>>> print(open('start19.cif').read())   # mmCIF, C-alpha atoms
data_input
loop_
_atom_site.label_atom_id
_atom_site.label_comp_id
_atom_site.auth_asym_id
_atom_site.auth_seq_id
_atom_site.Cartn_x
_atom_site.Cartn_y
_atom_site.Cartn_z
CA MET A 1 -1.91 5.95 21.63
CA ALA A 2 -0.66 3.98 18.61
CA VAL A 3 -3.90 4.83 16.77
CA LEU A 4 -3.39 8.55 17.41
CA ILE A 5 0.23 8.38 16.23
CA PHE A 6 -0.76 6.57 13.03
CA LEU A 7 -3.71 8.84 12.17
CA GLY A 8 -1.78 11.95 13.31
CA THR A 9 1.03 11.13 10.91
CA LEU A 10 -1.45 10.85 8.03
CA VAL A 11 -3.22 14.09 8.98
CA ILE A 12 0.06 16.02 9.15
CA ALA A 13 1.85 14.52 6.15
CA LEU A 14 -0.95 14.27 3.56
CA PRO A 15 -1.75 18.03 3.38
CA LEU A 16 1.95 18.69 2.72
CA GLY A 17 1.61 16.98 -0.66
CA ILE A 18 3.97 14.12 0.17
CA PRO A 19 3.27 11.09 -2.10
CA ILE A 20 1.10 8.57 -0.28
CA ALA A 21 3.69 5.77 -0.47
CA PHE A 22 6.22 7.92 1.40
CA VAL A 23 3.54 9.03 3.87
CA LEU A 24 3.00 5.36 4.69
CA VAL A 25 6.75 4.88 5.21
CA ILE A 26 6.75 7.86 7.58
CA ALA A 27 3.76 6.35 9.42
CA ALA A 28 5.65 3.05 9.70
CA ILE A 29 8.72 4.79 11.12
CA ALA A 30 6.54 6.69 13.63
CA LEU A 31 4.89 3.46 14.80
CA MET A 32 8.23 1.65 15.11
CA SER A 33 9.69 4.52 17.13
CA PHE A 34 6.66 4.55 19.44
CA MET A 35 6.89 0.79 20.03
CA GLY A 36 10.67 0.91 20.50
CA ILE A 37 11.39 -1.59 17.72
CA PHE A 38 12.92 0.70 15.10
CA ASP A 39 14.52 -1.41 12.39
CA ALA A 40 14.69 -0.38 8.73
CA THR A 41 14.63 -4.01 7.61
CA ILE A 42 11.05 -4.32 8.88
CA ILE A 43 9.95 -1.89 6.17
CA THR A 44 12.01 -3.43 3.40
CA GLN A 45 11.09 -7.03 4.24
CA ASN A 46 7.37 -6.30 4.41
CA LEU A 47 7.57 -4.16 1.29
CA VAL A 48 8.97 -7.11 -0.68
CA MET A 49 6.74 -9.72 0.94
CA GLY A 50 3.63 -7.60 0.53
CA SER A 51 4.24 -7.26 -3.21
CA ASN A 52 5.26 -10.89 -3.68
CA ASN A 53 1.79 -12.34 -4.23
CA ALA A 54 0.73 -14.28 -7.32
CA SER A 55 -2.81 -12.84 -7.22
CA LEU A 56 -1.42 -9.32 -7.54
CA MET A 57 -0.08 -10.27 -10.99
CA ALA A 58 -3.54 -9.42 -12.28
CA ILE A 59 -2.86 -5.72 -11.60
CA PRO A 60 -0.08 -5.17 -14.19
CA PHE A 61 -2.07 -7.20 -16.72
CA PHE A 62 -5.19 -5.05 -16.36
CA MET A 63 -3.10 -1.87 -16.26
CA LEU A 64 -1.48 -2.87 -19.55
CA ALA A 65 -4.83 -3.85 -21.05
CA GLY A 66 -6.21 -0.43 -20.13
CA GLU A 67 -3.32 1.37 -21.83
CA VAL A 68 -3.72 -0.77 -24.96
CA MET A 69 -7.46 -0.07 -25.09
CA SER A 70 -6.95 3.68 -24.79
CA LYS A 71 -4.28 3.79 -27.50
CA GLY A 72 -5.82 1.12 -29.72
CA GLY A 73 -9.25 2.63 -30.32
CA LEU A 74 -11.41 0.42 -28.09
CA SER A 75 -12.49 3.30 -25.85
CA VAL A 76 -13.56 5.36 -28.89
CA ARG A 77 -15.74 2.45 -30.10
CA ILE A 78 -17.31 2.17 -26.66
CA VAL A 79 -18.27 5.86 -26.77
CA GLU A 80 -19.69 5.52 -30.30
CA PHE A 81 -21.78 2.52 -29.25
CA ALA A 82 -23.07 4.36 -26.18
CA ASN A 83 -24.00 7.31 -28.40
CA LEU A 84 -25.93 4.97 -30.66
CA ILE A 85 -27.93 3.60 -27.71
CA VAL A 86 -28.72 6.74 -25.69
CA GLY A 87 -27.59 9.69 -27.84
CA ARG A 88 -31.14 10.27 -29.08
CA LEU A 89 -32.30 11.31 -25.59
CA ARG A 90 -32.31 14.98 -24.53
CA GLY A 91 -28.93 15.77 -23.03
CA GLY A 92 -27.71 12.67 -24.79
CA LEU A 93 -23.99 13.18 -24.20
CA GLY A 94 -24.50 12.94 -20.44
CA TYR A 95 -26.22 9.58 -20.83
CA VAL A 96 -23.45 8.56 -23.21
CA ALA A 97 -20.85 9.44 -20.56
CA ILE A 98 -22.57 7.26 -17.93
CA LEU A 99 -23.28 4.31 -20.22
CA ALA A 100 -19.75 4.46 -21.63
CA SER A 101 -18.41 4.42 -18.06
CA MET A 102 -20.42 1.26 -17.35
CA LEU A 103 -19.14 -0.42 -20.51
CA PHE A 104 -15.54 0.74 -20.06
CA ALA A 105 -15.64 -0.48 -16.45
CA GLY A 106 -15.82 -3.99 -17.85
CA LEU A 107 -12.59 -3.34 -19.71
CA SER A 108 -10.27 -1.33 -17.45
CA GLY A 109 -11.05 -2.11 -13.79
CA SER A 110 -9.66 1.29 -12.78
CA ALA A 111 -11.54 4.50 -11.96
CA VAL A 112 -8.59 6.68 -12.94
CA ALA A 113 -8.18 4.88 -16.29
CA ASP A 114 -11.93 5.23 -16.94
CA ALA A 115 -11.90 8.98 -16.20
CA ALA A 116 -8.77 9.59 -18.28
CA ALA A 117 -9.87 7.58 -21.32
CA LEU A 118 -13.47 8.79 -21.50
CA GLY A 119 -12.76 12.32 -20.24
CA GLY A 120 -10.30 12.96 -23.03
CA ILE A 121 -12.95 12.04 -25.58
CA LEU A 122 -16.19 13.33 -24.07
CA ILE A 123 -15.38 16.46 -22.04
CA PRO A 124 -14.22 18.53 -25.07
CA LEU A 125 -17.21 17.21 -27.06
CA MET A 126 -19.69 18.12 -24.32
CA ILE A 127 -18.24 21.63 -23.94
CA LYS A 128 -18.42 22.08 -27.72
CA ASN A 129 -22.13 21.18 -27.59
CA GLY A 130 -22.92 23.81 -24.95
CA TYR A 131 -22.59 21.86 -21.72
CA HIS A 132 -21.22 23.63 -18.66
CA VAL A 133 -17.59 22.62 -18.15
CA GLY A 134 -18.09 21.81 -14.46
CA ARG A 135 -21.14 19.66 -15.17
CA SER A 136 -19.41 17.87 -18.05
CA THR A 137 -16.38 17.08 -15.94
CA GLY A 138 -18.61 16.13 -13.02
CA VAL A 139 -20.58 13.51 -14.92
CA ILE A 140 -17.38 11.94 -16.29
CA CYS A 141 -15.70 11.84 -12.87
CA SER A 142 -18.78 10.42 -11.13
CA GLY A 143 -19.19 7.79 -13.84
CA ALA A 144 -15.63 6.64 -13.19
CA VAL A 145 -16.74 5.46 -9.73
CA ILE A 146 -18.50 2.56 -11.47
CA ALA A 147 -15.20 1.13 -12.79
CA PRO A 148 -13.99 -0.55 -9.55
CA ILE A 149 -17.46 -2.05 -8.95
CA ILE A 150 -18.20 -3.77 -12.27
CA PRO A 151 -15.70 -6.59 -12.92
CA PRO A 152 -12.85 -6.78 -13.62
CA SER A 153 -11.76 -4.53 -10.76
CA ILE A 154 -8.22 -3.73 -9.64
CA PRO A 155 -9.35 -2.64 -6.11
CA MET A 156 -11.19 -5.96 -5.72
CA ILE A 157 -7.98 -7.79 -6.58
CA VAL A 158 -6.09 -5.73 -3.98
CA LEU A 159 -8.71 -6.19 -1.25
CA GLY A 160 -9.37 -9.88 -1.93
CA THR A 161 -5.66 -10.65 -1.89
CA THR A 162 -5.11 -8.67 1.31
CA VAL A 163 -7.96 -10.07 3.43
CA GLY A 164 -8.25 -13.55 1.90
CA VAL A 165 -11.64 -13.17 0.18
CA SER A 166 -12.25 -14.79 -3.20
CA VAL A 167 -11.51 -12.26 -5.94
CA GLY A 168 -13.81 -14.17 -8.29
CA LYS A 169 -16.72 -13.86 -5.84
CA LEU A 170 -16.04 -10.15 -5.40
CA PHE A 171 -16.11 -9.76 -9.18
CA MET A 172 -19.48 -11.49 -9.48
CA ALA A 173 -20.89 -9.54 -6.52
CA GLY A 174 -20.06 -6.19 -8.11
CA LEU A 175 -21.86 -6.66 -11.43
CA ILE A 176 -25.46 -5.79 -10.43
CA PRO A 177 -24.50 -3.04 -7.90
CA GLY A 178 -22.43 -1.39 -10.65
CA ILE A 179 -25.43 -1.42 -13.00
CA ILE A 180 -27.69 -0.04 -10.24
CA LEU A 181 -25.19 2.76 -9.62
CA GLY A 182 -25.12 3.62 -13.34
CA LEU A 183 -28.94 3.71 -13.52
CA ALA A 184 -29.06 5.97 -10.46
CA LEU A 185 -26.63 8.40 -12.13
CA MET A 186 -28.83 8.39 -15.25
CA ILE A 187 -31.88 9.33 -13.15
CA CYS A 188 -29.85 12.13 -11.58
CA TRP A 189 -28.75 13.29 -15.05
CA LYS A 190 -32.38 13.32 -16.27
CA ILE A 191 -33.25 15.76 -13.48
CA ILE A 192 -30.21 17.91 -14.30
CA VAL A 193 -31.11 17.99 -18.02
CA LYS A 194 -34.49 19.54 -17.18
CA ARG A 195 -32.95 22.06 -14.80
CA ASP A 196 -29.98 23.06 -16.97
CA GLY A 197 -31.99 23.01 -20.19
CA TYR A 198 -29.78 20.72 -22.29
CA ASP A 199 -31.60 19.57 -25.41
CA ASP A 200 -28.95 18.10 -27.70
CA THR A 201 -29.74 14.79 -29.37
CA LYS A 202 -28.05 12.63 -31.96
CA THR A 203 -29.71 10.16 -34.30
CA TYR A 204 -28.33 7.74 -36.85
CA THR A 205 -29.57 6.18 -40.04
CA LYS A 206 -29.97 2.41 -40.16
CA ALA A 207 -26.82 2.12 -42.23
CA GLU A 208 -24.82 4.23 -39.74
CA ALA A 209 -26.21 2.28 -36.78
CA LYS A 210 -25.32 -1.03 -38.42
CA ALA A 211 -21.78 0.19 -39.15
CA ILE A 212 -21.24 1.42 -35.57
CA LEU A 213 -22.58 -1.81 -34.10
CA LYS A 214 -20.36 -3.92 -36.33
CA ASP A 215 -17.32 -1.77 -35.55
CA SER A 216 -17.87 -1.82 -31.78
CA LEU A 217 -18.65 -5.54 -31.36
CA PRO A 218 -15.01 -6.64 -30.81
CA ALA A 219 -14.64 -4.09 -27.99
CA LEU A 220 -18.02 -5.04 -26.46
CA PHE A 221 -17.14 -8.72 -26.44
CA MET A 222 -14.17 -8.16 -24.16
CA PRO A 223 -16.05 -7.71 -20.82
CA ILE A 224 -18.40 -10.54 -21.79
CA LEU A 225 -15.48 -12.89 -22.40
CA ILE A 226 -13.70 -11.85 -19.18
CA ILE A 227 -16.76 -12.16 -16.92
CA GLY A 228 -17.97 -15.30 -18.67
CA GLY A 229 -14.53 -16.88 -18.44
CA ILE A 230 -14.25 -16.23 -14.70
CA ARG A 231 -17.85 -17.29 -14.05
CA GLY A 232 -17.42 -20.45 -16.09
CA GLY A 233 -14.17 -21.40 -14.35
CA ILE A 234 -12.20 -21.16 -17.59
CA PHE A 235 -9.60 -18.88 -16.03
CA THR A 236 -8.74 -17.16 -12.76
CA PRO A 237 -8.85 -13.35 -12.37
CA THR A 238 -5.08 -13.24 -12.95
CA GLU A 239 -5.40 -15.31 -16.11
CA ALA A 240 -8.30 -13.06 -17.12
CA GLY A 241 -5.90 -10.11 -16.96
CA ALA A 242 -3.45 -11.86 -19.27
CA PHE A 243 -6.31 -12.73 -21.63
CA ALA A 244 -7.45 -9.09 -21.59
CA VAL A 245 -3.98 -7.95 -22.72
CA VAL A 246 -3.84 -10.45 -25.59
CA TYR A 247 -7.39 -9.69 -26.70
CA ALA A 248 -6.89 -5.91 -26.51
CA LEU A 249 -3.68 -6.19 -28.54
CA PHE A 250 -5.45 -8.34 -31.14
CA CYS A 251 -8.30 -5.83 -31.47
CA SER A 252 -5.97 -2.82 -31.57
CA MET A 253 -3.39 -4.20 -33.99
CA VAL A 254 -5.33 -6.64 -36.18
CA ILE A 255 -8.99 -5.59 -36.19
CA TYR A 256 -8.86 -1.79 -35.74
CA ARG A 257 -5.23 -1.36 -36.82
CA GLU A 258 -4.80 1.79 -34.73
CA MET A 259 -1.68 0.48 -33.00
CA SER A 260 1.56 -0.65 -34.56
CA ILE A 261 4.52 -2.53 -33.13
CA LYS A 262 6.43 0.74 -32.65
CA ASP A 263 3.61 1.98 -30.37
CA LEU A 264 4.10 -0.94 -27.99
CA PHE A 265 7.12 0.59 -26.29
CA SER A 266 5.28 3.72 -25.12
CA VAL A 267 2.27 1.64 -24.06
CA PHE A 268 4.45 -0.70 -21.98
CA VAL A 269 6.27 2.26 -20.42
CA GLU A 270 3.01 3.93 -19.33
CA ALA A 271 1.63 0.66 -17.98
CA THR A 272 4.88 0.05 -16.09
CA LYS A 273 4.72 3.51 -14.50
CA SER A 274 1.11 2.96 -13.37
CA THR A 275 1.85 -0.52 -12.07
CA GLY A 276 4.98 0.66 -10.26
CA ILE A 277 3.02 3.32 -8.39
CA VAL A 278 0.31 0.87 -7.31
CA MET A 279 2.73 -1.88 -6.30
CA PHE A 280 4.95 0.53 -4.35
CA ILE A 281 1.88 1.63 -2.41
CA VAL A 282 0.93 -2.02 -1.86
CA GLY A 283 4.41 -2.73 -0.46
CA THR A 284 4.58 0.27 1.88
CA ALA A 285 1.02 -0.32 3.06
CA SER A 286 1.97 -3.91 3.87
CA SER A 287 4.70 -2.60 6.18
CA VAL A 288 2.23 -0.33 7.94
CA ALA A 289 -0.36 -3.13 8.15
CA TRP A 290 2.22 -5.43 9.83
CA LEU A 291 3.10 -2.76 12.36
CA ILE A 292 -0.57 -1.99 13.00
CA THR A 293 -1.10 -5.66 13.81
CA VAL A 294 1.93 -5.74 16.13
CA ALA A 295 0.62 -2.62 17.88
CA GLN A 296 -2.69 -4.50 18.40
CA ILE A 297 -4.68 -1.69 16.84
CA PRO A 298 -7.23 -4.13 15.30
CA ALA A 299 -7.84 -5.69 18.72
CA LEU A 300 -8.23 -2.21 20.21
CA LEU A 301 -10.71 -1.22 17.49
CA VAL A 302 -12.67 -4.42 18.07
CA THR A 303 -12.92 -3.46 21.74
CA TYR A 304 -14.28 -0.02 20.86
CA LEU A 305 -16.79 -1.42 18.36
CA GLU A 306 -17.73 -4.50 20.40
CA PRO A 307 -21.02 -2.96 21.62
CA LEU A 308 -22.10 -2.61 17.97
CA ILE A 309 -21.24 -6.18 16.91
CA ALA A 310 -24.69 -7.32 18.04
CA HIS A 311 -26.22 -4.69 15.73
CA PRO A 312 -24.70 -5.32 12.26
CA THR A 313 -26.54 -2.53 10.43
CA ILE A 314 -25.52 0.13 12.96
CA LEU A 315 -21.98 -1.25 12.87
CA LEU A 316 -21.95 -0.98 9.06
CA VAL A 317 -23.15 2.63 9.20
CA ALA A 318 -20.46 3.55 11.76
CA ILE A 319 -17.71 1.83 9.74
CA ASN A 320 -18.84 3.45 6.50
CA ILE A 321 -18.90 6.93 8.03
CA PHE A 322 -15.31 6.32 9.18
CA LEU A 323 -14.30 5.00 5.72
CA PHE A 324 -15.95 7.96 4.01
CA ILE A 325 -13.89 10.38 6.11
CA MET A 326 -10.70 8.44 5.37
CA GLY A 327 -11.59 8.35 1.67
CA MET A 328 -11.75 12.14 1.67
CA VAL A 329 -8.09 12.43 2.66
CA MET A 330 -6.40 9.25 1.43
CA ASP A 331 -6.39 7.32 -1.85
CA LEU A 332 -8.35 4.12 -2.50
CA THR A 333 -5.53 1.54 -2.55
CA PRO A 334 -3.81 2.46 0.75
CA ASN A 335 -7.20 2.67 2.46
CA LEU A 336 -8.01 -0.87 1.34
CA LEU A 337 -4.60 -2.19 2.36
CA ILE A 338 -4.58 -0.53 5.77
CA PHE A 339 -8.18 -0.81 6.92
CA GLY A 340 -9.16 -4.04 5.20
CA PRO A 341 -7.18 -6.26 7.62
CA ILE A 342 -8.37 -4.14 10.57
CA LEU A 343 -12.09 -4.16 9.72
CA TYR A 344 -12.58 -7.68 8.39
CA PRO A 345 -12.22 -9.43 11.78
CA ILE A 346 -14.86 -7.04 13.13
CA ILE A 347 -17.42 -7.59 10.38
CA THR A 348 -16.77 -11.35 10.51
CA ALA A 349 -17.52 -11.33 14.25
CA ALA A 350 -20.76 -9.47 13.50
CA GLY A 351 -21.80 -12.08 10.94
CA ILE A 352 -21.63 -9.70 7.97
CA ASP A 353 -21.01 -11.32 4.58
CA PRO A 354 -17.33 -10.59 3.73
CA VAL A 355 -18.05 -10.40 -0.02
CA PHE A 356 -20.91 -7.95 0.56
CA PHE A 357 -18.73 -5.82 2.82
CA GLY A 358 -15.96 -5.84 0.22
CA VAL A 359 -18.27 -4.35 -2.43
CA VAL A 360 -19.59 -1.71 -0.01
CA MET A 361 -16.10 -0.81 1.21
CA ILE A 362 -14.76 -0.41 -2.32
CA LEU A 363 -17.75 1.69 -3.40
CA ASN A 364 -17.38 3.93 -0.34
CA LEU A 365 -13.65 4.51 -0.84
CA THR A 366 -14.05 5.00 -4.60
CA ILE A 367 -16.57 7.76 -3.90
CA GLY A 368 -13.73 9.31 -1.91
CA LEU A 369 -11.86 9.74 -5.20
CA ILE A 370 -14.43 12.36 -6.24
CA THR A 371 -14.86 13.94 -2.80
CA PRO A 372 -13.00 17.13 -1.76
CA PRO A 373 -10.46 17.98 -0.49
CA VAL A 374 -8.22 15.15 -1.77
CA GLY A 375 -10.15 13.70 -4.71
CA THR A 376 -7.69 12.17 -7.17
CA ILE A 377 -10.23 11.96 -9.99
CA LEU A 378 -11.43 15.52 -9.32
CA TYR A 379 -7.95 16.86 -10.01
CA LEU A 380 -7.63 14.63 -13.06
CA GLY A 381 -10.94 16.03 -14.33
CA CYS A 382 -9.73 19.59 -13.77
CA SER A 383 -6.66 18.84 -15.88
CA ILE A 384 -8.63 17.22 -18.73
CA GLY A 385 -11.37 19.87 -18.71
CA ASN A 386 -8.88 22.72 -18.24
CA THR A 387 -11.06 24.21 -15.52
CA THR A 388 -10.94 25.10 -11.84
CA PHE A 389 -11.41 22.77 -8.90
CA GLU A 390 -14.34 24.84 -7.60
CA LYS A 391 -16.31 24.51 -10.85
CA VAL A 392 -15.83 20.75 -10.94
CA VAL A 393 -16.91 20.39 -7.29
CA ARG A 394 -20.10 22.37 -7.96
CA GLY A 395 -20.77 20.37 -11.10
CA ILE A 396 -20.25 16.99 -9.48
CA MET A 397 -22.22 17.60 -6.29
CA PRO A 398 -25.60 16.13 -7.46
CA PHE A 399 -23.84 12.97 -8.69
CA LEU A 400 -21.80 12.69 -5.49
CA LEU A 401 -24.96 12.88 -3.36
CA THR A 402 -26.63 10.29 -5.61
CA GLU A 403 -23.76 7.86 -5.13
CA ILE A 404 -23.80 8.35 -1.35
CA VAL A 405 -27.54 7.57 -1.34
CA VAL A 406 -26.92 4.40 -3.38
CA LEU A 407 -24.17 3.37 -0.94
CA PHE A 408 -26.54 3.58 2.01
CA ILE A 409 -29.28 1.78 0.09
CA PHE A 410 -26.86 -1.13 -0.27
CA ILE A 411 -26.08 -0.97 3.45
CA PHE A 412 -29.75 -1.12 4.45
CA VAL A 413 -30.79 -3.53 1.66
CA PRO A 414 -27.82 -5.94 1.45
CA GLY A 415 -29.84 -8.35 -0.71
CA LEU A 416 -29.16 -6.05 -3.67
CA VAL A 417 -25.55 -7.27 -3.43
CA THR A 418 -25.76 -10.70 -1.80
CA VAL A 419 -28.57 -12.19 -3.92
CA PRO A 420 -26.95 -11.45 -7.32
CA ALA A 421 -23.57 -12.49 -5.89
CA ALA A 422 -24.97 -15.90 -4.92
CA LEU A 423 -26.71 -16.23 -8.28
CA PHE A 424 -23.66 -15.42 -10.40
CA SER A 425 -21.16 -17.26 -8.18
#
>>> encode(input="start19.cif", output="structure tokens")
Amino acid sequence: MAVLIFLGTLVIALPLGIPIAFVLVIAAIALMSFMGIFDATIITQNLVMGSNNASLMAIPFFMLAGEVMSKGGLSVRIVEFANLIVGRLRGGLGYVAILASMLFAGLSGSAVADAAALGGILIPLMIKNGYHVGRSTGVICSGAVIAPIIPPSIPMIVLGTTVGVSVGKLFMAGLIPGIILGLALMICWKIIVKRDGYDDTKTYTKAEAKAILKDSLPALFMPILIIGGIRGGIFTPTEAGAFAVVYALFCSMVIYREMSIKDLFSVFVEATKSTGIVMFIVGTASSVAWLITVAQIPALLVTYLEPLIAHPTILLVAINIFLFIMGMVMDLTPNLLIFGPILYPIITAAGIDPVFFGVVMILNLTIGLITPPVGTILYLGCSIGNTTFEKVVRGIMPFLLTEIVVLFIFIFVPGLVTVPAALFS
């Protein structure tokens, strides 16, 4: 009954447009009332305790780094470099969008930040060059799914901190799957180019190519330094976030000189807003997670799924179908915070690698950000592209199906995740 009350609260409250953090508070109140332990301090205490975690300090650092990169010209250099590499292909701007998403993923760690930064640059440019607005927005939004997979990744920090899995190992495990996902989207785009008839290309002289490469090198070094630093044990993921801020500020203010000291205030304000939203969700989800545990919902779910524990692949398919449905109606972070602690005991009992499952879970729920009816990135794309939701959904559908196929390839061929993870870790 507790499961029905919890899910029923979400189903009723989410369509009303109530912010997800407040929906989680309502769900917590409903669970407390059902269990007869109503006490407002339960919510406040768990809200504070859930946010009071040193590992979560990486989130505001990477949020701030993302804002600095967008305002300081790093994202523009990433796009120019991607254009240099793949712009000569037919339908070059689509390839640029995907490659830029892969490169920017190593800078921001956030799907929303990726879509906002690259969408603002590329969507108007693609429309100007004759691309359909829905298709242009679709390729940008689908490319943003790569951001939480390639390290650094804010969702990996949230999940690792919540369920007690090494964030560093999650980072290393996501690198190759993120590249595979990007290559799959490029194959999908190649098919679309032939069907839609896009034929734009862009070439550069040797002098132009040399200038672009030289100008973009500082931005390109950032993901290399972050991943190399974590892999080499030079710094932790949290320290990597602090390093990312310092490096991004140095590039923006000293090398590119596109940011001044007076710009810092607005950058810090925007980063604070983004961090506040995420951390408030983390706190409220912690309250719900505590109540879910008290209500013994994880134990109940284990009982229901116990027949599948002896069949890990079937169990993974069942869990991922459930997560996909939840991703369609609820945002990435609360899904991780609520269902991570519930599902991890089950997959551990089935002998499934917790790092592998973390990558698959994050990919699944990130795909939910571009899946109707509640796709956060879809609505962001509509705003940037100044178009309708229906056009974006039609435009993104081939990419969405491609990413679902890649997800299930990982489920059935886990070595694509576990082998590189072991190698890099």
>>> residues_around(input="start19.cif", residues="Asp200 of chain A", least_positions_apart="5", cutoff="12 Å", atoms="all atoms listed in the file", output="list in words")
Asn83, Val86, Gly87, Arg88, Leu89, Arg90, Gly91, Gly92, Leu93, Gly94, Tyr95, Val96, Leu125, Met126, Ile127, Lys128, Asn129, Gly130, Tyr131, Val193 and Lys194 of chain A
>>> residues_around(input="start19.cif", residues="segment 321-325 of chain A", least_positions_apart="5", cutoff="7 Å", atoms="only C-alpha atoms", output="PyMOL selection string")
chain A and resi 364-365+368
>>> atom_distance(input="start19.cif", atom1="atom CA of Met361 of chain A", atom2="atom CA of Gly381 of chain A")
23.5 Å
>>> resolve_selection(input="start19.cif", expression="the PyMOL selection byres ((chain A and resi 141) around 8)", output="PyMOL selection string")
chain A and resi 115+119+137-140+142-145+370+377-378+381+396
>>> residues_around(input="start19.cif", residues="Ile352 of chain A", least_positions_apart="4", cutoff="7 Å", atoms="all atoms listed in the file", output="ChimeraX atom specification")
/A:312,347-348
>>> closest_residue(input="start19.cif", among="A:Phe22, A:Phe6, A:Phe243, A:Tyr204", to="Leu107 of chain A", atoms="only C-alpha atoms")
A:Phe243
>>> residues_around(input="start19.cif", residues="Lys273 of chain A", least_positions_apart="6", cutoff="12 Å", atoms="only C-alpha atoms", output="mmCIF file with C-alpha atoms, keeping the file's coordinate frame")
data_model
loop_
_atom_site.group_PDB
_atom_site.id
_atom_site.type_symbol
_atom_site.label_atom_id
_atom_site.label_comp_id
_atom_site.auth_asym_id
_atom_site.auth_seq_id
_atom_site.Cartn_x
_atom_site.Cartn_y
_atom_site.Cartn_z
ATOM 1 C CA PRO A 60 -0.080 -5.170 -14.190
ATOM 2 C CA MET A 63 -3.100 -1.870 -16.260
ATOM 3 C CA LEU A 64 -1.480 -2.870 -19.550
ATOM 4 C CA GLU A 67 -3.320 1.370 -21.830
ATOM 5 C CA SER A 266 5.280 3.720 -25.120
ATOM 6 C CA VAL A 267 2.270 1.640 -24.060
ATOM 7 C CA MET A 279 2.730 -1.880 -6.300
ATOM 8 C CA PHE A 280 4.950 0.530 -4.350
#
>>> axis_aligned_box(input="start19.cif", around="segment 273-277 of chain A", padding_each_side="4 Å", output="AutoDock Vina command-line options")
--center_x 3.0 --center_y 1.5 --center_z -11.4 --size_x 11.9 --size_y 12.0 --size_z 14.1
>>> residues_around(input="start19.cif", residues="Leu103 of chain A", least_positions_apart="6", cutoff="8 Å", atoms="all atoms listed in the file", output="ChimeraX atom specification")
/A:78,220,223
>>> write_last_selection(input="start19.cif", atoms="C-alpha atoms", output="PDB file, keeping the file's coordinate frame")
ATOM      1  CA  ILE A  78     -17.310   2.170 -26.660  1.00  0.00           C
ATOM      2  CA  LEU A 220     -18.020  -5.040 -26.460  1.00  0.00           C
ATOM      3  CA  PRO A 223     -16.050  -7.710 -20.820  1.00  0.00           C
TER       4      PRO A 223
END
>>> resolve_selection(input="start19.cif", expression="the PyMOL selection byres ((chain A and resi 38-43) around 9)", output="MDAnalysis selection string")
chainID A and resid 25 28:37 44:48 283:284 286:288 290:291
>>> write_last_selection(input="start19.cif", atoms="C-alpha atoms", output="PDB file, in the frame of the given file")
ATOM      1  CA  VAL A  25       6.750   4.880   5.210  1.00  0.00           C
ATOM      2  CA  ALA A  28       5.650   3.050   9.700  1.00  0.00           C
ATOM      3  CA  ILE A  29       8.720   4.790  11.120  1.00  0.00           C
ATOM      4  CA  ALA A  30       6.540   6.690  13.630  1.00  0.00           C
ATOM      5  CA  LEU A  31       4.890   3.460  14.800  1.00  0.00           C
ATOM      6  CA  MET A  32       8.230   1.650  15.110  1.00  0.00           C
ATOM      7  CA  SER A  33       9.690   4.520  17.130  1.00  0.00           C
ATOM      8  CA  PHE A  34       6.660   4.550  19.440  1.00  0.00           C
ATOM      9  CA  MET A  35       6.890   0.790  20.030  1.00  0.00           C
ATOM     10  CA  GLY A  36      10.670   0.910  20.500  1.00  0.00           C
ATOM     11  CA  ILE A  37      11.390  -1.590  17.720  1.00  0.00           C
ATOM     12  CA  THR A  44      12.010  -3.430   3.400  1.00  0.00           C
ATOM     13  CA  GLN A  45      11.090  -7.030   4.240  1.00  0.00           C
ATOM     14  CA  ASN A  46       7.370  -6.300   4.410  1.00  0.00           C
ATOM     15  CA  LEU A  47       7.570  -4.160   1.290  1.00  0.00           C
ATOM     16  CA  VAL A  48       8.970  -7.110  -0.680  1.00  0.00           C
ATOM     17  CA  GLY A 283       4.410  -2.730  -0.460  1.00  0.00           C
ATOM     18  CA  THR A 284       4.580   0.270   1.880  1.00  0.00           C
ATOM     19  CA  SER A 286       1.970  -3.910   3.870  1.00  0.00           C
ATOM     20  CA  SER A 287       4.700  -2.600   6.180  1.00  0.00           C
ATOM     21  CA  VAL A 288       2.230  -0.330   7.940  1.00  0.00           C
ATOM     22  CA  TRP A 290       2.220  -5.430   9.830  1.00  0.00           C
ATOM     23  CA  LEU A 291       3.100  -2.760  12.360  1.00  0.00           C
TER      24      LEU A 291
END
